[in-house]
file final_34.cif (mmCIF, C-alpha atoms)
data_upload
#
loop_
_atom_site.label_atom_id
_atom_site.label_comp_id
_atom_site.auth_asym_id
_atom_site.auth_seq_id
_atom_site.Cartn_x
_atom_site.Cartn_y
_atom_site.Cartn_z
CA MET E 1 2.67 25.30 -20.53
CA THR E 2 3.19 23.45 -23.81
CA ALA E 3 1.48 20.08 -23.99
CA PRO E 4 3.78 17.04 -24.38
CA THR E 5 4.28 16.01 -27.99
CA ARG E 6 2.47 12.79 -28.89
CA PHE E 7 5.02 10.31 -30.19
CA SER E 8 4.39 8.39 -33.39
CA ALA E 9 6.43 5.28 -34.15
CA ALA E 10 5.97 5.99 -37.84
CA ALA E 11 7.96 9.19 -37.44
CA ALA E 12 11.03 7.13 -36.62
CA GLY E 13 11.02 5.58 -40.10
CA PRO E 14 10.76 1.95 -41.14
CA ALA E 15 11.76 -0.70 -38.62
CA PRO E 16 15.23 -2.14 -39.22
CA GLN E 17 15.34 -5.69 -40.52
CA PRO E 18 16.65 -8.36 -38.14
CA PRO E 19 20.11 -9.68 -38.88
CA ALA E 20 20.37 -12.79 -41.01
CA PRO E 21 20.91 -16.00 -39.05
CA ASP E 22 24.51 -17.14 -38.66
CA ALA E 23 24.95 -19.99 -41.14
CA ARG E 24 28.00 -21.51 -39.47
CA SER E 25 27.95 -25.03 -38.04
CA SER E 26 28.10 -25.83 -34.33
CA ALA E 27 31.78 -26.70 -34.58
CA GLU E 28 32.56 -23.50 -36.48
CA LEU E 29 30.68 -21.33 -33.98
CA ILE E 30 32.43 -22.95 -31.03
CA ARG E 31 35.83 -22.37 -32.67
CA ALA E 32 34.88 -18.76 -33.46
CA GLU E 33 34.18 -18.01 -29.78
CA GLY E 34 37.69 -18.87 -28.64
CA PRO E 35 39.60 -15.77 -29.82
CA VAL E 36 36.90 -13.21 -28.96
CA LEU E 37 35.18 -14.42 -25.76
CA ALA E 38 36.72 -14.43 -22.30
CA HIS E 39 37.31 -18.02 -21.20
CA ASN E 40 35.40 -17.81 -17.92
CA TYR E 41 33.04 -20.64 -18.92
CA HIS E 42 33.56 -24.18 -20.18
CA PRO E 43 30.23 -24.97 -21.86
CA LEU E 44 29.19 -28.35 -23.14
CA PRO E 45 29.82 -28.49 -26.91
CA VAL E 46 26.22 -27.83 -27.95
CA VAL E 47 25.13 -24.64 -29.76
CA VAL E 48 21.48 -23.86 -29.05
CA ALA E 49 19.63 -22.04 -31.82
CA ARG E 50 15.96 -22.56 -30.92
CA ALA E 51 14.01 -23.57 -27.83
CA GLU E 52 10.47 -24.15 -26.65
CA GLY E 53 9.16 -25.64 -23.44
CA VAL E 54 11.61 -28.22 -22.13
CA TRP E 55 13.31 -28.77 -25.49
CA VAL E 56 16.20 -27.00 -27.21
CA GLU E 57 17.52 -27.48 -30.72
CA ASP E 58 21.02 -26.90 -32.03
CA VAL E 59 21.96 -25.28 -35.32
CA GLU E 60 21.94 -28.64 -37.10
CA GLY E 61 18.43 -29.41 -35.83
CA ARG E 62 19.35 -31.96 -33.14
CA ARG E 63 16.94 -31.81 -30.18
CA TYR E 64 17.85 -32.03 -26.50
CA LEU E 65 15.82 -32.28 -23.31
CA ASP E 66 16.88 -29.38 -21.07
CA MET E 67 17.37 -30.78 -17.57
CA LEU E 68 19.16 -27.69 -16.26
CA ALA E 69 16.65 -24.90 -17.00
CA GLY E 70 19.24 -22.14 -16.80
CA TYR E 71 20.05 -22.95 -13.16
CA SER E 72 16.32 -22.39 -12.38
CA ALA E 73 16.02 -19.21 -14.47
CA LEU E 74 13.78 -21.23 -16.81
CA ASN E 75 11.43 -22.69 -14.22
CA PHE E 76 8.54 -22.16 -16.66
CA GLY E 77 10.39 -23.53 -19.65
CA HIS E 78 11.70 -21.79 -22.72
CA ARG E 79 9.44 -19.13 -24.22
CA HIS E 80 6.40 -19.76 -22.03
CA PRO E 81 3.49 -18.28 -24.03
CA ALA E 82 2.21 -16.09 -21.21
CA LEU E 83 5.66 -14.66 -20.54
CA VAL E 84 6.52 -14.12 -24.19
CA GLU E 85 3.17 -12.39 -24.72
CA ALA E 86 3.77 -10.10 -21.73
CA ALA E 87 7.21 -9.18 -23.09
CA HIS E 88 5.91 -8.53 -26.62
CA ARG E 89 3.09 -6.37 -25.29
CA GLN E 90 5.48 -4.30 -23.18
CA LEU E 91 8.01 -3.96 -26.00
CA ASP E 92 5.35 -2.03 -27.91
CA GLN E 93 4.94 0.43 -25.02
CA VAL E 94 8.10 1.36 -23.11
CA THR E 95 11.11 -0.69 -22.02
CA LEU E 96 13.25 1.60 -19.86
CA THR E 97 12.73 4.85 -17.98
CA SER E 98 15.43 4.53 -15.31
CA ARG E 99 14.31 5.19 -11.74
CA ALA E 100 14.61 8.93 -12.40
CA PHE E 101 10.92 8.66 -13.34
CA HIS E 102 8.04 6.42 -12.32
CA ASN E 103 6.70 3.84 -14.76
CA ASP E 104 3.26 2.30 -14.96
CA ARG E 105 4.37 -1.33 -14.39
CA LEU E 106 6.52 -1.09 -11.28
CA ALA E 107 3.82 -0.62 -8.62
CA GLY E 108 1.90 -3.71 -9.77
CA PHE E 109 5.07 -5.80 -9.83
CA ALA E 110 6.05 -4.77 -6.31
CA GLU E 111 2.52 -5.30 -4.98
CA GLY E 112 2.37 -8.76 -6.52
CA LEU E 113 5.79 -9.87 -5.30
CA ALA E 114 5.14 -8.62 -1.76
CA ALA E 115 1.82 -10.50 -1.71
CA LEU E 116 3.34 -13.70 -3.15
CA THR E 117 6.12 -13.80 -0.54
CA GLY E 118 4.18 -12.39 2.42
CA MET E 119 6.67 -9.55 2.80
CA ASP E 120 6.20 -5.77 2.92
CA MET E 121 8.57 -3.98 0.54
CA VAL E 122 10.55 -4.69 -2.63
CA LEU E 123 13.91 -3.40 -3.87
CA PRO E 124 14.08 -4.31 -7.59
CA MET E 125 17.43 -5.16 -9.12
CA ASN E 126 18.62 -7.18 -12.13
CA THR E 127 20.95 -10.11 -11.47
CA GLY E 128 21.11 -12.48 -8.54
CA ALA E 129 24.53 -11.19 -7.52
CA GLU E 130 23.10 -7.66 -7.44
CA ALA E 131 20.33 -8.85 -5.14
CA VAL E 132 22.86 -10.39 -2.75
CA GLU E 133 25.09 -7.31 -2.81
CA SER E 134 22.03 -5.16 -2.14
CA GLY E 135 20.95 -7.39 0.71
CA ILE E 136 24.39 -7.05 2.30
CA LYS E 137 24.26 -3.26 1.99
CA VAL E 138 20.77 -3.13 3.50
CA ALA E 139 21.84 -5.37 6.40
CA ARG E 140 24.85 -3.21 7.19
CA LYS E 141 22.80 -0.01 7.00
CA TRP E 142 20.17 -1.56 9.29
CA ALA E 143 22.88 -2.62 11.75
CA TYR E 144 24.18 0.95 12.03
CA ASP E 145 20.88 2.82 11.92
CA VAL E 146 18.65 0.45 13.90
CA LYS E 147 20.72 -2.02 15.90
CA GLY E 148 23.36 0.54 16.87
CA VAL E 149 26.48 -1.33 15.79
CA ALA E 150 29.57 0.91 15.87
CA PRO E 151 30.53 2.41 12.48
CA ASP E 152 32.36 0.01 10.14
CA GLN E 153 32.14 -2.86 12.65
CA ALA E 154 29.13 -4.80 11.28
CA THR E 155 29.68 -8.48 10.51
CA ILE E 156 27.66 -10.95 8.48
CA VAL E 157 27.79 -14.69 9.14
CA VAL E 158 27.71 -16.98 6.09
CA ALA E 159 27.99 -20.71 5.44
CA ALA E 160 30.91 -22.62 3.99
CA ASP E 161 30.41 -24.03 0.47
CA ASN E 162 28.05 -21.16 -0.27
CA PHE E 163 27.39 -19.75 -3.70
CA HIS E 164 25.93 -16.24 -3.77
CA GLY E 165 27.59 -14.90 -6.92
CA ARG E 166 30.98 -13.89 -8.24
CA THR E 167 31.38 -10.19 -7.49
CA THR E 168 34.45 -9.11 -5.52
CA THR E 169 32.52 -8.92 -2.25
CA LEU E 170 30.77 -12.25 -2.75
CA VAL E 171 33.90 -14.24 -3.60
CA SER E 172 35.53 -12.71 -0.53
CA PHE E 173 33.56 -15.12 1.63
CA SER E 174 33.47 -18.05 -0.79
CA THR E 175 35.23 -21.24 0.26
CA ASP E 176 35.56 -22.43 -3.34
CA PRO E 177 39.19 -21.81 -4.34
CA VAL E 178 38.29 -21.69 -8.04
CA ALA E 179 35.86 -18.83 -7.46
CA ARG E 180 38.00 -17.03 -4.86
CA ALA E 181 41.70 -17.40 -5.62
CA GLY E 182 43.41 -14.49 -7.32
CA TYR E 183 40.87 -11.77 -6.58
CA GLY E 184 42.18 -10.23 -3.35
CA PRO E 185 42.38 -8.08 -1.39
CA TYR E 186 39.10 -9.40 -0.06
CA THR E 187 36.20 -7.51 1.45
CA PRO E 188 36.22 -7.79 5.27
CA GLY E 189 33.26 -8.18 7.58
CA PHE E 190 32.26 -11.82 7.03
CA ARG E 191 32.49 -14.88 9.26
CA VAL E 192 32.26 -18.32 7.65
CA VAL E 193 30.82 -21.28 9.57
CA PRO E 194 29.99 -24.83 8.46
CA TYR E 195 26.61 -25.23 6.76
CA ASN E 196 23.97 -27.14 8.70
CA ASP E 197 25.74 -26.54 12.04
CA LEU E 198 23.66 -24.49 14.48
CA ALA E 199 26.25 -24.66 17.26
CA ALA E 200 28.94 -23.15 15.03
CA LEU E 201 26.51 -20.49 13.87
CA GLU E 202 25.59 -19.52 17.41
CA ALA E 203 29.27 -19.27 18.38
CA ALA E 204 29.91 -16.87 15.47
CA VAL E 205 27.05 -14.47 16.21
CA ASP E 206 27.72 -11.56 18.55
CA GLU E 207 26.68 -7.96 19.13
CA THR E 208 28.32 -6.85 15.84
CA THR E 209 26.32 -9.29 13.73
CA ALA E 210 24.08 -7.53 11.23
CA ALA E 211 22.75 -10.67 9.58
CA VAL E 212 23.07 -14.37 8.90
CA LEU E 213 23.05 -15.04 5.14
CA ILE E 214 22.07 -18.60 4.22
CA GLU E 215 20.92 -20.57 1.17
CA PRO E 216 18.04 -22.79 2.35
CA ILE E 217 19.44 -25.39 -0.06
CA GLN E 218 22.99 -25.06 -1.35
CA GLY E 219 22.67 -25.50 -5.12
CA GLU E 220 26.18 -25.03 -6.50
CA ALA E 221 27.57 -27.22 -3.73
CA GLY E 222 25.54 -30.14 -5.08
CA VAL E 223 21.96 -29.51 -3.91
CA LEU E 224 22.84 -29.88 -0.24
CA ILE E 225 19.68 -30.04 1.90
CA PRO E 226 20.10 -29.26 5.60
CA ASP E 227 18.72 -31.38 8.42
CA ASP E 228 15.11 -30.89 9.40
CA GLY E 229 14.98 -28.09 11.94
CA TYR E 230 18.12 -26.31 10.78
CA LEU E 231 16.33 -23.41 9.10
CA THR E 232 13.94 -23.12 12.04
CA GLY E 233 16.99 -22.99 14.29
CA VAL E 234 18.57 -20.24 12.19
CA ARG E 235 15.35 -18.24 12.46
CA GLU E 236 15.15 -18.64 16.25
CA LEU E 237 18.86 -17.90 16.74
CA THR E 238 18.78 -14.69 14.71
CA ARG E 239 15.65 -13.53 16.49
CA ARG E 240 17.28 -14.08 19.90
CA ALA E 241 20.49 -12.37 18.78
CA GLY E 242 18.68 -9.37 17.36
CA CYS E 243 20.12 -9.73 13.86
CA LEU E 244 18.57 -10.29 10.45
CA PHE E 245 18.00 -13.63 8.73
CA ILE E 246 18.69 -13.21 5.00
CA ALA E 247 17.57 -16.15 2.87
CA ASP E 248 19.10 -16.47 -0.60
CA GLU E 249 16.35 -18.20 -2.60
CA ILE E 250 17.68 -17.16 -5.99
CA GLN E 251 17.96 -20.79 -7.12
CA SER E 252 15.71 -22.56 -4.62
CA GLY E 253 12.76 -20.18 -4.79
CA LEU E 254 9.75 -19.62 -7.04
CA GLY E 255 8.45 -23.16 -7.26
CA ARG E 256 11.62 -25.21 -7.68
CA THR E 257 11.27 -27.29 -4.50
CA GLY E 258 7.50 -27.83 -4.62
CA ARG E 259 6.73 -24.70 -2.63
CA THR E 260 6.90 -21.04 -3.59
CA LEU E 261 9.94 -20.76 -1.29
CA ALA E 262 12.17 -23.54 0.02
CA LEU E 263 11.84 -22.01 3.51
CA GLU E 264 8.16 -22.98 3.48
CA HIS E 265 9.14 -26.61 4.04
CA GLU E 266 9.84 -25.52 7.64
CA SER E 267 7.29 -22.67 7.75
CA VAL E 268 10.13 -20.18 8.24
CA VAL E 269 9.77 -16.47 7.43
CA PRO E 270 13.05 -14.55 7.06
CA ASP E 271 13.61 -10.85 7.57
CA VAL E 272 15.09 -10.44 4.09
CA LEU E 273 14.49 -12.59 1.02
CA LEU E 274 16.69 -12.58 -2.09
CA LEU E 275 15.09 -13.61 -5.38
CA GLY E 276 16.22 -13.74 -9.00
CA LYS E 277 16.62 -16.20 -11.90
CA ALA E 278 13.04 -17.50 -12.41
CA LEU E 279 11.65 -14.05 -11.58
CA GLY E 280 12.63 -12.98 -15.10
CA GLY E 281 11.01 -15.98 -16.76
CA GLY E 282 14.14 -16.73 -18.78
CA ILE E 283 13.46 -13.57 -20.83
CA VAL E 284 15.07 -10.68 -18.96
CA PRO E 285 17.25 -10.53 -15.83
CA VAL E 286 15.09 -9.65 -12.83
CA SER E 287 16.03 -9.87 -9.17
CA ALA E 288 14.77 -8.37 -5.95
CA VAL E 289 15.38 -7.88 -2.27
CA VAL E 290 12.07 -8.42 -0.50
CA ALA E 291 11.90 -7.59 3.19
CA ARG E 292 10.06 -6.23 6.17
CA ARG E 293 9.18 -2.57 5.94
CA ASP E 294 11.37 -1.53 8.87
CA VAL E 295 14.38 -3.14 7.18
CA LEU E 296 14.08 -1.69 3.68
CA GLU E 297 13.08 1.71 5.00
CA VAL E 298 16.70 2.28 6.05
CA LEU E 299 17.39 3.19 2.42
CA HIS E 300 16.93 6.81 1.36
CA PRO E 301 17.17 8.52 -2.04
CA GLY E 302 20.66 8.38 -3.50
CA GLU E 303 21.96 5.66 -1.15
CA HIS E 304 21.42 2.74 -3.53
CA GLY E 305 20.12 2.24 -7.04
CA SER E 306 20.18 0.62 -10.45
CA THR E 307 19.48 2.17 -13.85
CA PHE E 308 17.75 -0.97 -15.10
CA GLY E 309 16.31 -2.18 -11.78
CA GLY E 310 12.51 -2.16 -11.95
CA ASN E 311 12.44 -1.23 -15.65
CA PRO E 312 9.01 -1.56 -17.31
CA LEU E 313 9.94 -4.60 -19.40
CA ALA E 314 11.32 -6.45 -16.38
CA ALA E 315 8.31 -5.48 -14.27
CA ALA E 316 5.90 -6.69 -16.95
CA VAL E 317 7.61 -10.06 -17.28
CA GLY E 318 8.05 -10.35 -13.51
CA SER E 319 4.35 -9.66 -12.98
CA ALA E 320 3.48 -12.41 -15.46
CA VAL E 321 5.75 -14.80 -13.54
CA ILE E 322 3.97 -13.86 -10.30
CA ASP E 323 0.62 -14.55 -11.97
CA LEU E 324 1.79 -18.06 -12.94
CA LEU E 325 3.01 -18.81 -9.42
CA SER E 326 -0.12 -17.40 -7.82
CA THR E 327 -2.15 -20.30 -9.24
CA GLY E 328 -0.07 -22.84 -7.28
CA GLU E 329 0.03 -25.10 -10.35
CA TYR E 330 3.80 -25.05 -10.76
CA GLN E 331 4.49 -25.67 -7.09
CA ARG E 332 2.17 -28.71 -7.23
CA ARG E 333 3.84 -30.00 -10.39
CA ALA E 334 7.29 -29.72 -8.81
CA ALA E 335 6.12 -31.59 -5.72
CA GLU E 336 4.37 -34.37 -7.65
CA LEU E 337 7.05 -34.84 -10.30
CA GLY E 338 9.67 -34.59 -7.59
CA GLU E 339 8.45 -37.95 -6.34
CA VAL E 340 8.96 -39.40 -9.83
CA LEU E 341 12.48 -37.98 -9.83
CA ARG E 342 13.29 -39.42 -6.41
CA THR E 343 11.91 -42.83 -7.32
CA GLY E 344 13.90 -42.92 -10.54
CA LEU E 345 17.14 -41.92 -8.85
CA ALA E 346 16.56 -44.43 -6.05
CA GLY E 347 16.33 -47.10 -8.73
CA LEU E 348 19.77 -46.13 -10.02
CA THR E 349 21.39 -46.10 -6.57
CA GLY E 350 23.98 -48.87 -6.51
CA LYS E 351 23.94 -48.97 -10.30
CA GLY E 352 26.37 -46.13 -10.84
CA VAL E 353 24.69 -43.63 -8.51
CA THR E 354 26.33 -43.60 -5.09
CA GLY E 355 23.88 -41.13 -3.56
CA PHE E 356 21.57 -38.24 -4.32
CA ARG E 357 19.76 -35.37 -2.67
CA ALA E 358 16.45 -34.14 -4.05
CA ARG E 359 13.69 -31.73 -3.16
CA GLY E 360 10.95 -31.02 -5.66
CA LEU E 361 12.34 -30.94 -9.20
CA TRP E 362 15.91 -30.38 -8.06
CA ALA E 363 18.55 -33.03 -7.44
CA GLY E 364 22.26 -33.42 -6.93
CA VAL E 365 23.34 -36.87 -8.13
CA ASP E 366 26.65 -38.38 -7.03
CA VAL E 367 28.08 -40.75 -9.62
CA ASP E 368 30.67 -43.45 -8.93
CA PRO E 369 33.97 -41.69 -9.78
CA ALA E 370 35.13 -44.89 -11.48
CA LEU E 371 32.51 -44.21 -14.16
CA GLY E 372 33.70 -40.67 -14.88
CA THR E 373 33.72 -37.11 -13.67
CA GLY E 374 30.56 -35.04 -13.59
CA ARG E 375 31.74 -33.34 -16.77
CA GLU E 376 32.23 -36.66 -18.55
CA ILE E 377 28.80 -37.90 -17.46
CA SER E 378 27.27 -34.63 -18.70
CA GLU E 379 28.95 -35.05 -22.09
CA ARG E 380 27.66 -38.62 -22.41
CA LEU E 381 24.16 -37.48 -21.52
CA MET E 382 24.42 -34.76 -24.15
CA ARG E 383 25.07 -37.44 -26.74
CA GLU E 384 21.87 -39.12 -25.48
CA GLY E 385 19.96 -35.89 -26.08
CA VAL E 386 19.79 -34.77 -22.45
CA LEU E 387 21.45 -31.59 -21.11
CA VAL E 388 22.62 -31.42 -17.48
CA LYS E 389 25.44 -29.63 -15.67
CA ASP E 390 28.17 -31.01 -13.49
CA THR E 391 29.32 -29.52 -10.25
CA HIS E 392 32.10 -30.58 -7.90
CA GLY E 393 33.77 -33.91 -8.61
CA SER E 394 31.42 -36.56 -9.99
CA THR E 395 28.18 -34.80 -9.12
CA VAL E 396 25.63 -33.69 -11.70
CA ARG E 397 22.67 -31.40 -11.10
CA LEU E 398 19.17 -32.02 -12.41
CA ALA E 399 16.77 -29.06 -12.46
CA PRO E 400 14.31 -29.38 -15.36
CA PRO E 401 11.66 -26.79 -16.15
CA LEU E 402 8.60 -27.23 -13.95
CA THR E 403 6.61 -27.71 -17.17
CA ILE E 404 8.25 -31.08 -17.88
CA THR E 405 5.91 -34.07 -18.26
CA GLU E 406 6.23 -37.33 -16.37
CA ASP E 407 7.17 -39.16 -19.59
CA GLU E 408 9.88 -36.60 -20.41
CA LEU E 409 11.28 -36.80 -16.89
CA SER E 410 11.28 -40.59 -16.97
CA SER E 411 13.08 -40.60 -20.32
CA ALA E 412 15.83 -38.39 -18.88
CA ILE E 413 16.29 -40.75 -15.93
CA GLU E 414 16.39 -43.71 -18.31
CA ALA E 415 19.09 -41.92 -20.33
CA LEU E 416 21.13 -41.46 -17.15
CA GLY E 417 20.76 -45.18 -16.48
CA ARG E 418 22.00 -46.03 -19.95
CA VAL E 419 25.02 -43.72 -19.60
CA LEU E 420 25.93 -45.24 -16.24
CA GLY E 421 25.57 -48.73 -17.64
CA GLU E 422 27.93 -48.17 -20.57
#

call {"tool": "encode", "arguments": {"input": "final_34.cif", "output": "C-alpha cells"}}
result
Amino acid sequence: MTAPTRFSAAAAGPAPQPPAPDARSSAELIRAEGPVLAHNYHPLPVVVARAEGVWVEDVEGRRYLDMLAGYSALNFGHRHPALVEAAHRQLDQVTLTSRAFHNDRLAGFAEGLAALTGMDMVLPMNTGAEAVESGIKVARKWAYDVKGVAPDQATIVVAADNFHGRTTTLVSFSTDPVARAGYGPYTPGFRVVPYNDLAALEAAVDETTAAVLIEPIQGEAGVLIPDDGYLTGVRELTRRAGCLFIADEIQSGLGRTGRTLALEHESVVPDVLLLGKALGGGIVPVSAVVARRDVLEVLHPGEHGSTFGGNPLAAAVGSAVIDLLSTGEYQRRAAELGEVLRTGLAGLTGKGVTGFRARGLWAGVDVDPALGTGREISERLMREGVLVKDTHGSTVRLAPPLTITEDELSSAIEALGRVLGE
C-alpha cells in the first residue's frame, strides 16, 4: 500500500495577502449595507472595527464599553488571549474534516464538556438554534424508541415568551408575533404554557409528552427569573411524568449567572442540556446537546448530522473555553460583580428605572416609558460610549463580558444614570 503523501504548505505557493481595510466612514458603511443586506436586523448606528476585552472601537477610533457581549457569546471578552492562541494554533493544523472522518480534537472537547456539565454524552453542532432543533429531534426519537409514544404523536411542552431561535420549527411555538407572524404553516407537536406556572405545566403534560423545554432564565423576554422552586418543580414533574427535561442554557449558561449553569442555583440536573454562544468564545460558532447516555444513544449513523459540527477549529476553541471555566474564576467574577450590578441598579430605581431583574452579570432593566423606548435609551447610551441592547418596550439588557472590572461596570451604571437624568 502506498504511504500517504506528506503535505507541505510551501507547495501551495505564497500565502495570499489580506484584503486592504475598508476606508469608508461609519456613515458610508451603514448606507452601503442597505441595498445589499437583508433588513432582518436594526443595529445601533455604530460600526465596530476593532475590539479587545470589554472595549470595542469604531472605524473613526471612538471607543465603547460593550455591555452586551454578543448576547453572552463573548462571556470572556473580545479576543481573549487564551482563546485566540488556541484558534491560531489550530489554524496551522487542520480546520475541517467533516464527520466523515475522525479528528484529533473532538474527543478531548467532548470529554471536557461532559465533565464540566456532569453529563455523559455530547452531540456537537454549530449555532444555538441548531442545538435546540437537535434537542427536539432527540426528544422525539427517545419518545418513540424508549417511552413508546405512538408514531408521530409526540408532544413537547414549552413556555410562553420563550426564545429558542428563529428556524421554522422554533418560531412555530414562539408567542412573539414579530418572530412568528408570516412563516406558517407551523410545525405541530408543541404545547405552550405560561412561564413560571407549575400548575399549567402539569396540566399540559400527558402520556404523549416527550419533553418539557424551558429556559432557566428567559433572556430575550427581558431576563425573566422564575420563582425559587420553579426549576426544581419542573424537574420533579418531568421525572414523575416519565418525560425529558430539556434546559436551554444557550444564553444563561457557561458562567453568566455566577454558576457554570443557571440550573445550579437550584441544584437541578436536566436530562438534556443545550449550550452555545459562549462555547465558541466569540471566535467560531459552537453549540452542543449534552445529555444522559441513554438519551443520546437513540441516535444512529445517518439519522442526524452536521458538516461543521465538531470541526477541529471549533473543538480547539471550545476546549479552551472549557479550560477557562474549569478554574471557576469566571463564575466567581460573575457572582461578585453581579452584586455591584444589583446595587447600582437599585440606586437608580425610582430615578428612571421602574424595576429590574438580575442574576450574576445579567440584567433586564425596565425604564420609565416616559423617558423613552428601550431603543432610544440604547441610542443615548451609545452616545455616552456604552453599548447595550433593547428588548420589548422600554427594557434594556445588560450582559457585559465576565472579564469586566468593577470600575468599568460602575462607569456603565453611572452612564445609565446620566441618560435617565437628561

call {"tool": "residues_near_point", "arguments": {"input": "final_34.cif", "point": "(13.1, -3.5, -3.3)", "cutoff": "8 Å", "atoms": "all atoms listed in the file", "output": "NGL selection string"}}
result
:E and (110 or 121-125 or 288-291 or 296)

call {"tool": "resolve_selection", "arguments": {"input": "final_34.cif", "expression": "the PyMOL selection byres ((chain E and resi 153) around 9)", "output": "list in words"}}
result
Tyr144, Val149, Ala150, Pro151, Asp152, Ala154, Thr155, Gly189, Thr208 and Thr209 of chain E

call {"tool": "atom_distance", "arguments": {"input": "final_34.cif", "atom1": "CA of Met67 in chain E", "atom2": "CA of Leu398 in chain E"}}
result
5.6 Å

call {"tool": "resolve_selection", "arguments": {"input": "final_34.cif", "expression": "the PyMOL selection byres ((chain E and resi 94-108) around 10)", "output": "PyMOL selection string"}}
result
chain E and resi 87+89-93+109-114+122+124+305-319

call {"tool": "resolve_selection", "arguments": {"input": "final_34.cif", "expression": "the PyMOL selection byres ((chain E and resi 61) around 12)", "output": "list in words"}}
result
Ser25, Ser26, Val46, Val47, Val48, Ala49, Arg50, Ala51, Trp55, Val56, Glu57, Asp58, Val59, Glu60, Arg62, Arg63, Tyr64 and Gly385 of chain E

call {"tool": "atom_distance", "arguments": {"input": "final_34.cif", "atom1": "CA of Asp366 in chain E", "atom2": "CA of Thr354 in chain E"}}
result
5.6 Å

call {"tool": "closest_residue", "arguments": {"input": "final_34.cif", "among": "E:Pro226, E:Arg166, E:Ser172, E:Ala210", "to": "Asn196 in chain E", "atoms": "all atoms listed in the file"}}
result
E:Pro226

call {"tool": "atom_distance", "arguments": {"input": "final_34.cif", "atom1": "CA of Leu387 in chain E", "atom2": "CA of Leu68 in chain E"}}
result
6.6 Å

call {"tool": "residues_around", "arguments": {"input": "final_34.cif", "residues": "Asp407 in chain E", "least_positions_apart": "3", "cutoff": "12 Å", "atoms": "only C-alpha atoms", "output": "ChimeraX atom specification"}}
result
/E:65,337,340-341,344,403-404,410-414

call {"tool": "residues_around", "arguments": {"input": "final_34.cif", "residues": "Arg239 in chain E", "least_positions_apart": "5", "cutoff": "12 Å", "atoms": "only C-alpha atoms", "output": "ChimeraX atom specification"}}
result
/E:202,205,209-212,232-234,244-246,268-271

call {"tool": "closest_residue", "arguments": {"input": "final_34.cif", "among": "E:Leu254, E:Gly364, E:Leu275, E:Glu379", "to": "Ala334 in chain E", "atoms": "all atoms listed in the file"}}
result
E:Leu254

call {"tool": "closest_residue", "arguments": {"input": "final_34.cif", "among": "E:Glu28, E:Glu220, E:Glu329, E:Asp66", "to": "Glu384 in chain E", "atoms": "only C-alpha atoms"}}
result
E:Asp66

call {"tool": "residues_around", "arguments": {"input": "final_34.cif", "residues": "range 257-267 of chain E", "least_positions_apart": "3", "cutoff": "7 Å", "atoms": "all atoms listed in the file", "output": "VMD selection string"}}
result
chain E and resid 216 231 to 232 252 to 254 331 to 332 334 to 335 359 to 362

call {"tool": "closest_residue", "arguments": {"input": "final_34.cif", "among": "E:Gly302, E:Gly77, E:Gly338, E:Gly70", "to": "Glu406 in chain E", "atoms": "all atoms listed in the file"}}
result
E:Gly338

call {"tool": "axis_aligned_box", "arguments": {"input": "final_34.cif", "around": "range 305-319 of chain E", "padding_each_side": "5 Å", "output": "lines of an AutoDock Vina configuration file"}}
result
center_x = 12.3
center_y = -4.1
center_z = -13.2
size_x = 25.8
size_y = 22.6
size_z = 22.4
